[in-house]
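Asks: This one is entry_13.txt, compact mmCIF, C-alpha atoms.
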# COMPACT_ATOMS: atom_id res chain seq x y z
CA MET A 1 0.00 0.00 0.00
CA SER A 2 1.40 3.41 -0.97
CA THR A 3 2.23 5.96 1.72
CA ARG A 4 -0.14 8.94 1.88
CA ILE A 5 1.64 12.30 1.82
CA THR A 6 -0.26 15.60 2.08
CA PHE A 7 1.28 18.82 0.78
CA VAL A 8 0.05 22.21 2.03
CA LEU A 9 0.20 25.44 0.01
CA PRO A 10 -1.37 28.84 0.72
CA SER A 11 -2.19 29.19 -2.99
CA PHE A 12 -0.95 28.52 -6.51
CA ALA A 13 0.96 31.81 -6.63
CA GLY A 14 3.84 31.92 -9.07
CA GLY A 15 6.66 32.03 -6.52
CA GLY A 16 9.67 29.76 -6.30
CA ALA A 17 8.42 27.96 -3.16
CA GLU A 18 5.19 27.01 -4.90
CA ARG A 19 7.03 25.82 -8.01
CA VAL A 20 9.38 23.64 -5.97
CA MET A 21 6.56 22.06 -3.96
CA LEU A 22 4.58 21.24 -7.09
CA GLN A 23 7.65 19.71 -8.73
CA LEU A 24 8.38 17.57 -5.67
CA LEU A 25 4.78 16.43 -5.59
CA ALA A 26 4.74 15.61 -9.30
CA GLY A 27 8.00 13.67 -9.15
CA MET A 28 7.03 11.23 -6.40
CA ASP A 29 6.97 7.53 -7.26
CA ARG A 30 3.26 6.70 -7.39
CA SER A 31 3.93 3.02 -6.73
CA GLN A 32 5.23 3.94 -3.27
CA PHE A 33 3.60 7.27 -2.43
CA SER A 34 0.12 8.70 -2.77
CA PRO A 35 0.37 12.52 -2.70
CA SER A 36 -2.50 14.94 -2.15
CA LEU A 37 -2.62 18.72 -1.86
CA ILE A 38 -4.48 21.10 0.44
CA ALA A 39 -4.57 24.73 -0.72
CA MET A 40 -5.82 27.52 1.48
CA HIS A 41 -6.90 29.23 -1.72
CA GLY A 42 -7.04 27.24 -4.95
CA ASP A 43 -6.44 30.08 -7.40
CA GLY A 44 -3.19 31.22 -8.97
CA PRO A 45 -1.14 30.98 -12.14
CA LEU A 46 0.41 27.63 -11.17
CA ALA A 47 -2.91 25.82 -10.70
CA ALA A 48 -2.52 24.13 -14.09
CA SER A 49 0.77 22.60 -12.91
CA LEU A 50 -0.98 20.26 -10.45
CA PRO A 51 -0.91 16.71 -11.86
CA ASN A 52 -4.32 15.30 -12.73
CA ASP A 53 -3.87 12.30 -10.43
CA VAL A 54 -3.36 14.43 -7.30
CA PRO A 55 -6.50 15.12 -5.22
CA LEU A 56 -6.93 18.81 -4.37
CA THR A 57 -8.74 20.18 -1.34
CA ASP A 58 -9.46 23.88 -1.81
CA LEU A 59 -10.27 25.49 1.56
CA ALA A 60 -11.29 28.77 -0.17
CA ARG A 61 -9.88 30.72 2.79
CA PRO A 62 -6.88 32.85 1.77
CA ARG A 63 -5.97 34.01 5.28
CA LEU A 64 -4.36 31.53 7.64
CA ARG A 65 -6.35 32.60 10.69
CA HIS A 66 -9.55 31.74 8.82
CA ALA A 67 -8.17 28.65 7.11
CA LEU A 68 -6.42 26.95 10.04
CA PRO A 69 -9.43 25.08 11.55
CA ALA A 70 -10.42 23.85 8.08
CA LEU A 71 -6.80 22.92 7.32
CA ILE A 72 -6.51 20.82 10.49
CA GLY A 73 -9.85 19.17 9.69
CA ALA A 74 -8.77 18.35 6.13
CA ILE A 75 -5.51 16.79 7.36
CA ARG A 76 -7.39 14.71 9.95
CA ARG A 77 -9.72 13.40 7.25
CA ALA A 78 -6.85 12.61 4.88
CA ARG A 79 -4.86 10.83 7.64
CA PRO A 80 -1.52 11.14 5.81
CA ARG A 81 1.68 9.56 7.05
CA ALA A 82 3.40 12.93 6.59
CA VAL A 83 2.45 16.58 5.97
CA VAL A 84 4.81 18.74 3.89
CA SER A 85 4.77 22.56 4.00
CA SER A 86 7.15 25.20 2.68
CA LEU A 87 6.27 28.72 3.89
CA GLY A 88 7.37 29.85 7.34
CA TYR A 89 4.09 31.08 8.78
CA VAL A 90 2.24 27.94 7.64
CA ASN A 91 5.07 25.74 8.91
CA ILE A 92 4.82 27.32 12.37
CA ALA A 93 1.02 27.01 12.47
CA LEU A 94 1.16 23.30 11.62
CA LEU A 95 3.86 22.63 14.20
CA ALA A 96 1.94 24.56 16.87
CA CYS A 97 -1.21 22.55 16.12
CA ARG A 98 0.37 19.12 15.73
CA ILE A 99 -1.36 17.89 18.91
CA LEU A 100 -4.61 18.14 16.91
CA LEU A 101 -3.28 15.97 14.07
CA PRO A 102 -3.46 12.17 13.94
CA LEU A 103 -0.94 10.71 16.38
CA ARG A 104 1.53 9.19 13.90
CA THR A 105 1.51 12.08 11.42
CA ARG A 106 4.99 13.38 10.69
CA ILE A 107 5.56 17.06 9.82
CA ILE A 108 8.17 18.01 7.22
CA VAL A 109 8.85 21.72 6.80
CA ARG A 110 10.87 23.23 3.98
CA GLU A 111 12.40 26.64 4.65
CA ALA A 112 12.18 28.99 1.67
CA ASN A 113 14.33 31.89 2.99
CA MET A 114 17.44 32.50 5.06
CA PRO A 115 16.02 33.28 8.54
CA SER A 116 18.82 35.73 9.40
CA LEU A 117 17.78 37.87 6.42
CA SER A 118 14.04 37.26 6.07
CA LEU A 119 12.93 37.57 9.70
CA PRO A 120 14.41 41.05 10.33
CA GLY A 121 12.83 42.26 7.08
CA GLY A 122 9.37 40.88 7.82
CA PRO A 123 6.59 41.85 10.22
CA ARG A 124 7.19 41.46 13.98
CA PRO A 125 10.77 40.18 13.64
CA GLY A 126 11.24 39.51 17.36
CA LEU A 127 8.07 37.44 17.61
CA MET A 128 8.83 35.50 14.44
CA ARG A 129 12.36 34.69 15.60
CA TRP A 130 10.93 33.40 18.87
CA LEU A 131 8.34 31.29 17.03
CA TYR A 132 11.01 29.81 14.77
CA ARG A 133 13.14 28.88 17.77
CA ARG A 134 10.19 27.41 19.61
CA TYR A 135 8.56 25.37 16.86
CA TYR A 136 11.06 24.49 14.12
CA PRO A 137 13.03 22.16 16.44
CA ARG A 138 9.79 20.18 16.85
CA ALA A 139 9.55 19.32 13.14
CA ASP A 140 10.34 15.72 12.22
CA ALA A 141 12.43 17.04 9.33
CA VAL A 142 13.53 20.52 8.23
CA ILE A 143 14.47 20.71 4.56
CA CYS A 144 17.14 23.28 3.75
CA THR A 145 18.19 24.48 0.32
CA SER A 146 21.85 25.10 1.16
CA HIS A 147 24.64 24.35 3.61
CA MET A 148 24.43 27.97 4.74
CA MET A 149 20.78 27.52 5.70
CA MET A 150 21.55 24.28 7.53
CA GLY A 151 24.14 26.16 9.57
CA GLU A 152 21.60 28.80 10.58
CA MET A 153 18.97 26.22 11.45
CA ALA A 154 21.39 24.28 13.65
CA GLY A 155 22.91 27.39 15.22
CA ASP A 156 20.50 30.26 15.76
CA ILE A 157 17.20 28.34 15.42
CA GLY A 158 18.34 25.32 17.41
CA VAL A 159 17.19 22.45 15.18
CA ALA A 160 19.01 19.17 15.86
CA ARG A 161 21.44 18.26 13.08
CA THR A 162 19.77 14.85 12.77
CA ARG A 163 16.56 16.57 11.66
CA LEU A 164 18.15 18.77 9.01
CA HIS A 165 18.18 17.62 5.39
CA LEU A 166 19.79 19.27 2.35
CA LEU A 167 17.60 19.22 -0.75
CA PRO A 168 18.47 21.22 -3.88
CA ASN A 169 15.71 22.96 -5.81
CA PRO A 170 14.59 20.81 -8.75
CA VAL A 171 15.14 22.45 -12.15
CA ASP A 172 14.23 20.59 -15.33
CA ALA A 173 16.82 22.24 -17.57
CA PRO A 174 16.03 20.21 -20.74
CA ALA A 175 12.30 20.98 -20.43
CA LEU A 176 12.94 24.68 -19.84
CA ARG A 177 15.26 24.91 -22.79
CA ALA A 178 12.78 23.05 -25.01
CA ALA A 179 10.14 25.66 -24.05
CA ILE A 180 12.32 28.63 -25.03
CA GLY A 181 11.23 28.55 -28.65
CA THR A 182 12.07 31.44 -30.96
CA LEU A 183 13.71 34.39 -29.25
CA ALA A 184 12.77 37.97 -29.91
CA ALA A 185 15.11 39.93 -32.16
CA GLU A 186 17.93 41.85 -30.52
CA ASP A 187 16.98 45.39 -29.53
CA GLY A 188 19.55 47.35 -31.52
CA ASN A 189 22.65 48.10 -29.47
CA SER A 190 20.93 47.85 -26.09
CA VAL A 191 22.04 45.49 -23.36
CA ARG A 192 19.04 43.50 -22.19
CA PHE A 193 18.57 42.80 -18.47
CA ILE A 194 15.87 40.58 -16.97
CA ALA A 195 14.58 40.24 -13.40
CA ALA A 196 11.68 38.22 -12.05
CA GLY A 197 9.77 37.71 -8.83
CA ARG A 198 6.83 38.85 -6.80
CA LEU A 199 6.64 42.65 -6.73
CA THR A 200 7.39 43.10 -3.04
CA ARG A 201 10.04 44.85 -0.97
CA GLN A 202 11.90 41.56 -0.50
CA LYS A 203 12.86 41.39 -4.17
CA GLY A 204 14.52 44.83 -4.22
CA PHE A 205 13.07 45.99 -7.54
CA ASP A 206 12.61 49.49 -6.13
CA ARG A 207 16.34 49.95 -5.64
CA LEU A 208 17.06 48.25 -8.95
CA ILE A 209 14.99 50.87 -10.79
CA GLU A 210 16.84 53.67 -8.96
CA THR A 211 20.20 52.16 -9.88
CA PHE A 212 19.14 51.61 -13.48
CA ALA A 213 18.51 55.35 -13.84
CA ASN A 214 22.25 55.97 -13.43
CA LEU A 215 23.49 53.08 -15.55
CA PRO A 216 25.76 54.30 -18.38
CA GLY A 217 25.16 53.24 -21.97
CA GLU A 218 22.06 51.92 -23.69
CA SER A 219 20.19 49.19 -21.85
CA ARG A 220 16.70 47.80 -21.31
CA LEU A 221 15.21 46.12 -18.23
CA THR A 222 12.24 43.78 -18.01
CA ILE A 223 10.82 42.87 -14.59
CA LEU A 224 8.47 39.89 -14.68
CA GLY A 225 5.95 39.39 -11.89
CA GLU A 226 2.94 40.73 -10.06
CA GLY A 227 2.47 41.98 -6.53
CA PRO A 228 1.39 44.77 -4.20
CA GLU A 229 4.20 47.15 -5.20
CA ARG A 230 3.31 47.32 -8.90
CA LYS A 231 1.83 50.84 -8.78
CA ALA A 232 4.73 52.18 -6.71
CA LEU A 233 7.30 50.65 -9.03
CA GLU A 234 5.55 52.00 -12.12
CA ALA A 235 5.35 55.46 -10.55
CA MET A 236 9.05 55.37 -9.68
CA ARG A 237 9.92 54.30 -13.21
CA ASP A 238 7.80 57.03 -14.78
CA ASN A 239 9.09 59.74 -12.43
CA LEU A 240 12.65 58.85 -13.43
CA GLY A 241 11.73 59.09 -17.12
CA LEU A 242 12.43 55.39 -17.75
CA SER A 243 9.09 54.25 -19.14
CA ASP A 244 10.70 53.46 -22.49
CA LYS A 245 13.56 51.48 -20.90
CA ILE A 246 11.94 49.54 -18.05
CA HIS A 247 8.99 47.23 -18.72
CA LEU A 248 6.78 45.45 -16.20
CA PRO A 249 4.66 43.12 -18.35
CA GLY A 250 3.32 41.09 -15.41
CA PHE A 251 3.57 37.43 -14.47
CA ALA A 252 4.84 35.05 -17.14
CA GLN A 253 3.69 31.45 -16.92
CA LYS A 254 6.72 30.48 -19.01
CA PRO A 255 9.41 33.12 -18.41
CA TRP A 256 12.24 31.14 -19.99
CA PRO A 257 12.23 32.82 -23.43
CA HIS A 258 12.71 36.14 -21.60
CA TYR A 259 15.58 34.69 -19.59
CA ALA A 260 17.30 33.20 -22.62
CA ALA A 261 17.03 36.43 -24.64
CA ALA A 262 18.62 38.59 -21.93
CA ASP A 263 22.30 39.38 -21.55
CA ALA A 264 22.11 39.03 -17.76
CA PHE A 265 19.61 38.09 -15.05
CA LEU A 266 19.49 40.48 -12.07
CA MET A 267 18.75 39.43 -8.48
CA PRO A 268 18.68 42.59 -6.30
CA SER A 269 16.91 40.83 -3.41
CA ARG A 270 17.08 41.92 0.21
CA TRP A 271 16.67 38.30 1.28
CA GLU A 272 16.16 34.88 -0.31
CA GLY A 273 16.67 31.19 0.38
CA MET A 274 17.76 29.62 -2.88
CA PRO A 275 16.32 31.78 -5.69
CA ASN A 276 14.64 29.45 -8.15
CA ALA A 277 14.41 32.12 -10.84
CA ALA A 278 18.19 32.52 -10.82
CA LEU A 279 18.63 28.76 -11.21
CA GLU A 280 16.24 28.74 -14.16
CA ALA A 281 18.07 31.67 -15.75
CA LEU A 282 21.33 29.71 -15.51
CA ALA A 283 19.61 26.72 -17.11
CA CYS A 284 18.69 29.04 -20.00
CA GLY A 285 22.37 30.00 -20.37
CA THR A 286 21.99 33.51 -18.91
CA PRO A 287 24.59 34.74 -16.40
CA VAL A 288 23.35 36.03 -13.05
CA ILE A 289 24.26 39.10 -11.00
CA ALA A 290 23.02 38.76 -7.42
CA THR A 291 23.36 40.42 -4.04
CA PRO A 292 25.01 38.48 -1.20
CA GLU A 293 21.60 38.57 0.52
CA SER A 294 20.14 36.43 -2.29
CA GLY A 295 20.29 33.34 -0.09
CA ALA A 296 23.00 30.80 -0.80
CA ILE A 297 23.65 32.01 -4.34
CA ALA A 298 27.36 32.03 -3.45
CA GLU A 299 27.21 28.22 -3.19
CA ILE A 300 25.80 28.09 -6.71
CA ALA A 301 28.53 30.47 -7.90
CA LYS A 302 31.20 28.04 -6.69
CA ALA A 303 29.59 25.07 -8.44
CA ALA A 304 28.65 26.83 -11.71
CA PRO A 305 31.05 27.53 -14.60
CA ALA A 306 33.43 30.44 -14.11
CA GLY A 307 31.73 33.79 -14.62
CA ALA A 308 28.21 32.35 -14.58
CA VAL A 309 27.30 34.02 -11.28
CA THR A 310 28.57 37.36 -10.00
CA VAL A 311 27.84 38.11 -6.34
CA ALA A 312 28.09 41.87 -5.82
CA SER A 313 27.25 43.99 -2.79
CA TRP A 314 24.38 46.35 -3.31
CA GLY A 315 25.34 49.82 -4.41
CA GLU A 316 28.45 50.62 -6.40
CA GLY A 317 29.48 46.96 -6.64
CA PHE A 318 26.18 45.82 -8.14
CA ALA A 319 26.05 48.80 -10.51
CA ALA A 320 29.62 48.12 -11.65
CA ALA A 321 28.77 44.48 -12.36
CA MET A 322 25.80 45.59 -14.47
CA ALA A 323 27.96 48.11 -16.37
CA GLU A 324 30.37 45.35 -17.35
CA ILE A 325 27.67 43.41 -19.20
CA SER A 326 27.86 43.80 -22.96
CA ILE A 327 25.77 42.50 -25.82
CA GLY A 328 26.77 38.89 -26.32
CA GLY A 329 28.02 37.93 -29.74
CA GLU A 330 27.21 34.26 -29.29
CA GLU A 331 24.02 32.71 -30.57
CA LYS A 332 21.15 32.44 -28.09
CA PRO A 333 20.04 30.44 -26.26
CA ARG A 334 23.51 29.81 -24.90
CA PRO A 335 24.53 26.49 -23.30
CA SER A 336 23.20 25.82 -19.83
CA LEU A 337 25.19 27.26 -16.92
CA LEU A 338 23.28 25.33 -14.24
CA PRO A 339 25.55 23.17 -12.06
CA PRO A 340 24.67 19.48 -11.67
CA GLY A 341 22.50 18.17 -8.84
CA HIS A 342 19.20 19.89 -9.68
CA GLU A 343 17.73 17.20 -11.95
CA PRO A 344 14.09 16.71 -10.86
CA ALA A 345 14.25 12.91 -10.80
CA ALA A 346 17.34 12.91 -8.61
CA VAL A 347 15.88 15.54 -6.25
CA ALA A 348 12.61 13.57 -6.03
CA ARG A 349 14.47 10.41 -5.01
CA ARG A 350 16.34 12.34 -2.30
CA PHE A 351 13.05 13.77 -1.08
CA GLU A 352 11.51 10.30 -0.94
CA ASN A 353 14.47 9.08 1.11
CA ILE A 354 13.85 11.87 3.64
CA ILE A 355 10.25 10.69 3.98
CA ARG A 356 11.34 7.08 4.43
CA GLN A 357 13.80 8.07 7.15
CA ILE A 358 11.21 9.82 9.30
CA CYS A 359 8.28 7.47 8.58
Rewrite the structure of this file - the entire thing - as C-alpha cells.

Replies:
Amino acid sequence: MSTRITFVLPSFAGGGAERVMLQLLAGMDRSQFSPSLIAMHGDGPLAASLPNDVPLTDLARPRLRHALPALIGAIRRARPRAVVSSLGYVNIALLACRILLPLRTRIIVREANMPSLSLPGGPRPGLMRWLYRRYYPRADAVICTSHMMMGEMAGDIGVARTRLHLLPNPVDAPALRAAIGTLAAEDGNSVRFIAAGRLTRQKGFDRLIETFANLPGESRLTILGEGPERKALEAMRDNLGLSDKIHLPGFAQKPWPHYAAADAFLMPSRWEGMPNAALEALACGTPVIATPESGAIAEIAKAAPAGAVTVASWGEGFAAAMAEISIGGEEKPRPSLLPPGHEPAAVARRFENIIRQIC
C-alpha cells in the first residue's frame, strides 16, 4: 500500500516555493507514495501545474487565521503519514497545532528563505524569531536548500542536526530549454537585463529601478511578476523618465524565453533562500548578477562555470557588475550554466528518502 503524503500550500501563486513544492509532488513515485494537496486558496497561475492524479482540497480561505481550523480538519480526514509545507508562517502554524493531528503524522517543513535575512525584514521580527526557535526544532524534518541555511537552522534556530536535510531545488533544464522557442530579435545596441519575482520589498526591484537610472550606456530592463508594489514601481519608473527602458509586463507562466534572450539576469533581493528564478536563468544560459543577501547564491557560484554568477554587494558593486555586461556575440540560447545536482528525478528520489527516514 502506498504511503499517503499531504502537501500544504497557501495558494498557486507563481513564486519559487510554490514551483518547488509542485515539482516535488509531481516527481514522487506513485507506486510507493500517494500525494494529495491542500490549498488555502485554490487560485493562482500555477494551478494548471498540479498533476491530474493528485486530489486537491481547496479550503477557499486565503488568510491563515480563517483557514487553520479547516486545514486541520482536512488533514485529519486525509490521515496522511506525513504533511509537507514550505512557507514559514504555515510551517509554524502546523507545528503549533500538531497535537490536533493524527498521532503518527509526521511534519516536514521546507524553509524557503534564510532566517537571518528574512525575519528582520518581515513583520514582527522579534516574535517571528521566537516562534522559529520554539517550533522548528519540533519538526520531524527541516528541509534546507543550502549548507548555509543548515548552519543557521542548527545554530540560531536550534534544530538538531539529525533533523536537518539538504535538498536542492529541482530544475528541469532540458524541459525549460525546449520551451524557449524562438527568441525575440535583438533590440539594436541595447544590453538587455531581466529580473523576475513577486513585486514586493523583498525582491529589491525598487532599488534596482533607482540604480538603473544611473546606468551608463544603452540598456533595457524587463521585470516579470505581479504583486502589491506594482503601482509604486511604475510610478518610480515614470518619475525617473524610464518608461521606455523599463517594462513590467506582469507574471509570465513560461518566463524562460525572456531569460534566454537577456544578456544578464538580475537578483537585487534583500533576502532569499535559494532563488529558483536565478537557477532557471542559468539553465537558460543567462549569467546572473546577485546580491550576497540572495540566499545561498554564493554556493551556486562556486559550483557553476566560471563567470556564470557574480555576487556583488548592493550599491556601487552591483552597478559596476551591471555596467560590465555587454551584448553577447554568441548565438542564443547559450549552453546551460546550471551546475549538476538539480535534476528533478534525482531531487525527487532524495526527497523520498527523507520521507522514508522519518516514517

Asks: Return the single residue from A:Ile355, A:Ile75, A:Ala252, A:Leu279 that is closest to Leu100 in chain A, with distances computed using only C-alpha atoms.

Replies: A:Ile75

Asks: List the neighbours of Ala48 in chain A out to 12 Å using all atoms listed in the file; skip same-chain residues closer than 2 positions along the sequence, and give me the result as a PDB file with C-alpha atoms, in the coordinates of the input.

Replies:
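Output file around.pdb follows:
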ATOM      1  CA  PHE A  12      -0.950  28.520  -6.510  1.00  0.00           C
ATOM      2  CA  ALA A  13       0.960  31.810  -6.630  1.00  0.00           C
ATOM      3  CA  GLY A  14       3.840  31.920  -9.070  1.00  0.00           C
ATOM      4  CA  ARG A  19       7.030  25.820  -8.010  1.00  0.00           C
ATOM      5  CA  LEU A  22       4.580  21.240  -7.090  1.00  0.00           C
ATOM      6  CA  GLY A  42      -7.040  27.240  -4.950  1.00  0.00           C
ATOM      7  CA  ASP A  43      -6.440  30.080  -7.400  1.00  0.00           C
ATOM      8  CA  GLY A  44      -3.190  31.220  -8.970  1.00  0.00           C
ATOM      9  CA  PRO A  45      -1.140  30.980 -12.140  1.00  0.00           C
ATOM     10  CA  LEU A  46       0.410  27.630 -11.170  1.00  0.00           C
ATOM     11  CA  LEU A  50      -0.980  20.260 -10.450  1.00  0.00           C
ATOM     12  CA  PRO A  51      -0.910  16.710 -11.860  1.00  0.00           C
ATOM     13  CA  ASN A  52      -4.320  15.300 -12.730  1.00  0.00           C
ATOM     14  CA  VAL A  54      -3.360  14.430  -7.300  1.00  0.00           C
ATOM     15  CA  LEU A  56      -6.930  18.810  -4.370  1.00  0.00           C
ATOM     16  CA  GLN A 253       3.690  31.450 -16.920  1.00  0.00           C
TER      17      GLN A 253
END

Asks: Need the shell around range 304-315 of chain A: protein/DNA/RNA residues with any atom at most 9 Å away, counting all atoms listed in the file. Skip same-chain ones fewer than 2 positions apart. Format as a list in words?

Replies: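 Contacts, in chain order: Thr211, Pro268, Leu282, Gly285, Thr286, Pro287, Val288, Ile289, Ala290, Thr291, Pro292, Glu293, Ser294, Ile297, Ala298, Glu299, Ile300, Ala301, Lys302, Gly317, Phe318, Ala319, Ala320, Ala321, Leu337, Leu338, Pro339 and Pro340 of chain A.
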
Asks: Using all atoms listed in the file, pick whichever of A:Pro228, A:Ala179, A:Leu242, A:Arg270 has the shortest atom-to-atom distance to Pro333 in chain A.

Replies: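 Under the stated criterion, the closest residue is A:Ala179.
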
Asks: Got a sec to check which residues sit within 10 Å of (19.9, 21.5, 5.7), counting all atoms listed in the file, and write them as a short mmCIF file (atom, residue, chain, number, x, y, z; two decimals) with C-alpha atoms, in the coordinates of the input?

Replies:
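As a result, out.cif now contains:
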data_model
loop_
_atom_site.label_atom_id
_atom_site.label_comp_id
_atom_site.auth_asym_id
_atom_site.auth_seq_id
_atom_site.Cartn_x
_atom_site.Cartn_y
_atom_site.Cartn_z
CA ARG A 110 10.87 23.23 3.98
CA GLU A 111 12.40 26.64 4.65
CA ALA A 141 12.43 17.04 9.33
CA VAL A 142 13.53 20.52 8.23
CA ILE A 143 14.47 20.71 4.56
CA CYS A 144 17.14 23.28 3.75
CA THR A 145 18.19 24.48 0.32
CA SER A 146 21.85 25.10 1.16
CA HIS A 147 24.64 24.35 3.61
CA MET A 148 24.43 27.97 4.74
CA MET A 149 20.78 27.52 5.70
CA MET A 150 21.55 24.28 7.53
CA GLY A 151 24.14 26.16 9.57
CA GLU A 152 21.60 28.80 10.58
CA MET A 153 18.97 26.22 11.45
CA ALA A 154 21.39 24.28 13.65
CA VAL A 159 17.19 22.45 15.18
CA ARG A 161 21.44 18.26 13.08
CA THR A 162 19.77 14.85 12.77
CA ARG A 163 16.56 16.57 11.66
CA LEU A 164 18.15 18.77 9.01
CA HIS A 165 18.18 17.62 5.39
CA LEU A 166 19.79 19.27 2.35
CA LEU A 167 17.60 19.22 -0.75
CA PRO A 168 18.47 21.22 -3.88
#

Asks: Pick out the closest residue to Met128 in chain A from this set: A:Ala277, A:Ala262, A:Ile92, A:Leu233. Count all atoms listed in the file.

Replies: A:Ile92

Asks: Nearest residue to Val20 in chain A out of A:Glu234, A:Asp140, A:Glu229, A:Asp172, using only C-alpha atoms?

Replies: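 Between A:Glu234, A:Asp140, A:Glu229, A:Asp172, the residue approaching Val20 in chain A most closely is A:Asp172.
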
Asks: Nearest to Arg230 in chain A: which of A:Leu199, A:Ala303, A:Leu68, A:Ile358 is it, counting only C-alpha atoms?

Replies: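 The shortest atom-to-atom distance to Arg230 in chain A comes from A:Leu199.
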
Asks: Would you mind reading off the distance between CA of Ala261 in chain A and CA of Gly27 in chain A, one decimal, in Å?

Replies: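 We find that CA of Ala261 in chain A and CA of Gly27 in chain A lie 29.0 Å from each other.
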
Asks: Hey, which of A:Pro216, A:Pro55, A:Gly16, A:Pro170 ends up closest to Gly341 in chain A? Count all atoms listed in the file.

Replies: A:Pro170

Asks: Distance CA of Arg63 in chain A-CA of Ala278 in chain A, one decimal place?

Replies: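 Between CA of Arg63 in chain A and CA of Ala278 in chain A the gap is 29.1 Å.
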
Asks: If I take CA of Thr105 in chain A and CA of Cys359 in chain A, how far is one from the other in Å, to one decimal?

Replies: 8.7 Å

Asks: Would you list the contacts of Asp206 in chain A as a PDB file with C-alpha atoms, in the frame of the given file, taking every protein, DNA or RNA residue within 9 Å and counting only C-alpha atoms, but skipping same-chain residues closer than 3 positions in sequence?

Replies:
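result19.pdb, freshly written:
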ATOM      1  CA  THR A 200       7.390  43.100  -3.040  1.00  0.00           C
ATOM      2  CA  ARG A 201      10.040  44.850  -0.970  1.00  0.00           C
ATOM      3  CA  LYS A 203      12.860  41.390  -4.170  1.00  0.00           C
ATOM      4  CA  ILE A 209      14.990  50.870 -10.790  1.00  0.00           C
ATOM      5  CA  GLU A 210      16.840  53.670  -8.960  1.00  0.00           C
ATOM      6  CA  THR A 211      20.200  52.160  -9.880  1.00  0.00           C
ATOM      7  CA  GLU A 229       4.200  47.150  -5.200  1.00  0.00           C
ATOM      8  CA  ALA A 232       4.730  52.180  -6.710  1.00  0.00           C
ATOM      9  CA  LEU A 233       7.300  50.650  -9.030  1.00  0.00           C
ATOM     10  CA  MET A 236       9.050  55.370  -9.680  1.00  0.00           C
ATOM     11  CA  ARG A 237       9.920  54.300 -13.210  1.00  0.00           C
TER      12      ARG A 237
END

Asks: Excluding Phe265 in chain A and any residue of its chain fewer than 3 positions from it, enumerate the residues within 6 Å of it, using all atoms listed in the file, and give them as a PDB file with C-alpha atoms, keeping the file's coordinate frame.

Replies:
ATOM      1  CA  PHE A 193      18.570  42.800 -18.470  1.00  0.00           C
ATOM      2  CA  ILE A 194      15.870  40.580 -16.970  1.00  0.00           C
ATOM      3  CA  ALA A 195      14.580  40.240 -13.400  1.00  0.00           C
ATOM      4  CA  VAL A 288      23.350  36.030 -13.050  1.00  0.00           C
TER       5      VAL A 288
END

Asks: Leaving out Pro255 in chain A and any residue of its chain fewer than 6 positions from it, which residues lie within 10 Å of it when counting only C-alpha atoms, given as a ChimeraX atom specification?

Replies: /A:176,179-180,194,196,224-225,277,280-281

Asks: Once you count only C-alpha atoms, which residues end up no further than 8 Å from (15.8, 27.5, 19.3) in the file's frame, shown as a ChimeraX atom specification?

Replies: /A:130,132-137,156-159

Asks: For the residues selected in the previous step, produce a file with C-alpha atoms as a short mmCIF file (atom, residue, chain, number, x, y, z; two decimals), in the coordinates of the input.

Replies:
data_model
loop_
_atom_site.label_atom_id
_atom_site.label_comp_id
_atom_site.auth_asym_id
_atom_site.auth_seq_id
_atom_site.Cartn_x
_atom_site.Cartn_y
_atom_site.Cartn_z
CA TRP A 130 10.93 33.40 18.87
CA TYR A 132 11.01 29.81 14.77
CA ARG A 133 13.14 28.88 17.77
CA ARG A 134 10.19 27.41 19.61
CA TYR A 135 8.56 25.37 16.86
CA TYR A 136 11.06 24.49 14.12
CA PRO A 137 13.03 22.16 16.44
CA ASP A 156 20.50 30.26 15.76
CA ILE A 157 17.20 28.34 15.42
CA GLY A 158 18.34 25.32 17.41
CA VAL A 159 17.19 22.45 15.18
#

Asks: Please report, as lines of an AutoDock Vina configuration file, the centre and edge lengths in Å to one decimal of an axis-aligned box covering all listed atoms of range 130-139 of chain A with 6 Å per side.

Replies:
center_x = 10.7
center_y = 26.4
center_z = 16.4
size_x = 16.8
size_y = 26.1
size_z = 18.5
